[in-house]
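Visitor: Structure provided below as structure tokens; questions to follow.
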Amino acid sequence: MQKAVAESPKVALFATCVTDTLYPATARAVVTLLERLGCSVDFPLEQTCCGQMHFNTGYPDHARGLAGSYQRTFAGYDAVIVPSGSCTGMVRDIHPQLGTSPAPTYELSEYLVDVLGVTDVGAYFPHRVTYHPTCHSLRMLGVGDKPLSLLRAVRGLDLVALPDAESCCGFGGTFALKNADTSTAMLSDKMRHVLDTGSEVLTAGDNSCLMHIGGGLSRLRTGVRTVHLAEILASTEEDPWSPETR
């Protein structure tokens with residue numbers, strides 16, 4: 001494992017609504033991973049929502065209130081780490097448009113690679129895995145191949161390229177509700193590509209996309225699991241990932 005930091009940065013976890021409500025194992029994995037790399041991690045209980053859903057559906061005043069809450073909650077931290085490209089993009093790109101100045105906020109993979117300077121985080125995950133680059137992490141944040149660099153350094157992991165990886169899964173928050181037929185067609189394409197890889201596990205940096213794709217894969221009884229990138233990176237030989245923790 002690469003050495004992360006000489007001094008312990010004071011960072012905070014912003015779990016996001018989806019992870020806090022439906023996938024708490026991802027939030028725990030982020031804390032485990034960052035502490036293993038030498039970070040001191042806080043989880044401010046005052047945190048709520050980034051306001052993306054409100055902003056995207058035409059309620060800027062509601063989003064502005066949540067952006068202000070985010071600024072107050074995370075003021076004073078060296079960095080805020082988010083296991084979601086979508087919510088990171090909202091904070092970094094939209095909150096300033098709403099009149100707030102949030103603390104430095106990073107999607108998990110970009111914090112590990114760009115700030116801590118690590119790609120080998122000491123992980124062990126003996127499974128065949130394919131990676132879906134989510135739209136906001138790819139197009140809004142430009143994380144590029146950082147998640148792939150992290151996955152390639154995981155011992156035991158067999159990384160398989162996902163065909164047409166950069167195509168959207170069809171979730172897009174309310175897009176899936178307002179355009180159900182189109183969303184379903186896009187999901188069908190994504191699932192077909194996942195199955196073509198023969199992978200046991202699909203991973204990504206956003207639980208919202210994994211929820212959408214995983215729901216489809218589950219209904220088809222494919223046996224393919226969806227696991228957030230943070231959970232793979234937190235897994236070690238001494239404390240391996242288990243499906244029972246999800």
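Going through the structure tokens in order, the chains are called A, B, and so on, while each chain numbers its residues from 1 and the ligands are numbered from 1 in the order shown.
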Neighbouring residues of A:Thr26 were defined as those with any atom within 9 Å, considering only C-alpha atoms; residues of the same chain fewer than 3 positions away were excluded. Please report them as a list in words.

Guide: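 The residues satisfying every condition are Ala15, Thr19, Asp20, Tyr23, Ala29, Val30, Val31, Pro83, Asn207, Val227, His228, Leu229, Ala230, Glu231 and Arg246 of chain A.
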
Visitor: Stretch 153-155 of chain A: which residues within 9 Å, counting only C-alpha atoms, same-chain residues fewer than 4 positions away excluded, as an MDAnalysis selection string?

Guide: chainID A and resid 119:126 148:149 232:233 236

Visitor: Check stretch 134-232 of chain A with DSSP on the backbone and list each residue it calls alpha helix (DSSP H), as a PyMOL selection string.

Guide: chain A and resi 135+146-152+175-178+180-196+207-219+229-232

Visitor: Give me the residues within 8 Å of A:Gly89 as a list in words, counting only C-alpha atoms and dropping any in the same chain fewer than 6 places off.

Guide: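 In the requested form, the answer reads His136, Ser137, Met140 and Leu141 of chain A.
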
Visitor: Okay, now the selection with N, CA, C and O atoms, as a compact mmCIF listing (two decimals), in the first residue's frame?

Guide:
# COMPACT_ATOMS: atom_id res chain seq x y z
N HIS A 136 -22.32 12.20 -14.04
CA HIS A 136 -21.81 13.40 -13.38
C HIS A 136 -20.33 13.28 -13.05
O HIS A 136 -19.59 14.25 -13.16
N SER A 137 -19.87 12.09 -12.63
CA SER A 137 -18.46 11.94 -12.32
C SER A 137 -17.62 12.07 -13.59
O SER A 137 -16.52 12.64 -13.57
N MET A 140 -19.28 15.97 -15.54
CA MET A 140 -19.33 17.21 -14.75
C MET A 140 -18.04 17.42 -13.97
O MET A 140 -17.50 18.52 -13.90
N LEU A 141 -17.52 16.32 -13.37
CA LEU A 141 -16.31 16.43 -12.55
C LEU A 141 -15.04 16.10 -13.33
O LEU A 141 -13.95 16.54 -12.97

Visitor: As a PDB file with C-alpha atoms, in the first residue's frame, which residues of stretch 24-213 of chain A does DSSP assign to strand (DSSP E)?

Guide:
ATOM      1  CA  SER A  40      -9.240  12.110  10.754  1.00  0.00           C
ATOM      2  CA  VAL A  41     -12.870  11.777   9.661  1.00  0.00           C
ATOM      3  CA  ASP A  42     -15.932  13.526  11.110  1.00  0.00           C
ATOM      4  CA  ALA A  79     -12.040  18.761   2.774  1.00  0.00           C
ATOM      5  CA  VAL A  80     -15.467  17.186   2.450  1.00  0.00           C
ATOM      6  CA  ILE A  81     -15.488  13.715   0.891  1.00  0.00           C
ATOM      7  CA  VAL A  82     -18.552  12.518  -0.999  1.00  0.00           C
ATOM      8  CA  THR A 105     -15.546  19.165  -1.704  1.00  0.00           C
ATOM      9  CA  TYR A 106     -14.244  16.070  -3.495  1.00  0.00           C
ATOM     10  CA  GLU A 107     -15.677  12.924  -5.006  1.00  0.00           C
ATOM     11  CA  ARG A 128     -14.434 -10.381 -11.461  1.00  0.00           C
ATOM     12  CA  VAL A 129     -15.513  -6.720 -11.633  1.00  0.00           C
ATOM     13  CA  THR A 130     -16.628  -4.248 -14.270  1.00  0.00           C
ATOM     14  CA  TYR A 131     -16.890  -0.466 -13.781  1.00  0.00           C
ATOM     15  CA  ASP A 158     -10.116  -9.179 -12.118  1.00  0.00           C
ATOM     16  CA  LEU A 159     -11.114  -5.913 -13.853  1.00  0.00           C
ATOM     17  CA  VAL A 160     -13.077  -6.333 -17.091  1.00  0.00           C
ATOM     18  CA  VAL A 201     -19.807  -7.441  -9.638  1.00  0.00           C
ATOM     19  CA  LEU A 202     -20.680  -4.071 -11.165  1.00  0.00           C
ATOM     20  CA  THR A 203     -19.164  -1.086  -9.390  1.00  0.00           C
ATOM     21  CA  ALA A 204     -19.513   2.692  -9.719  1.00  0.00           C
TER      22      ALA A 204
END

Visitor: Write out as a PyMOL selection string the residues lying within 8 Å of A:Ser208, counting only C-alpha atoms and excluding same-chain residues fewer than 6 positions away.

Guide: chain A and resi 18+171+173

Visitor: So that I can check the surroundings of A:Cys49, please list as an MDAnalysis selection string every protein, DNA and RNA residue that reaches within 7 Å of it, counting only C-alpha atoms and ignoring chain neighbours fewer than 2 positions away.

Guide: chainID A and resid 16:17 47 51 66

Visitor: Just checking: using only C-alpha atoms, which residue out of A:Gly223, A:Pro9, A:Pro102, A:Gly216 ends up closest to A:Phe74?

Guide: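 Smallest separation from A:Phe74 among the options: A:Pro102.
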
Visitor: Take atom CA of A:Thr21 and atom CA of A:Glu244 and report the distance between them in Å, one decimal.

Guide: 16.8 Å

Visitor: From the options A:Ala185, A:Val113, A:Leu151, A:Met1, which residue's atoms come nearest to A:Arg36, counting only C-alpha atoms?

Guide: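 Looking at the shortest contact to A:Arg36, the residue is A:Met1.
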
Visitor: Find the residues near A:Ser84: any atom within 7 Å, counting only C-alpha atoms, skip ones fewer than 2 places away on the same chain, and give them as JSON, numbers by chain.

Guide: {"A": [82, 86, 87, 88, 107, 205, 206]}
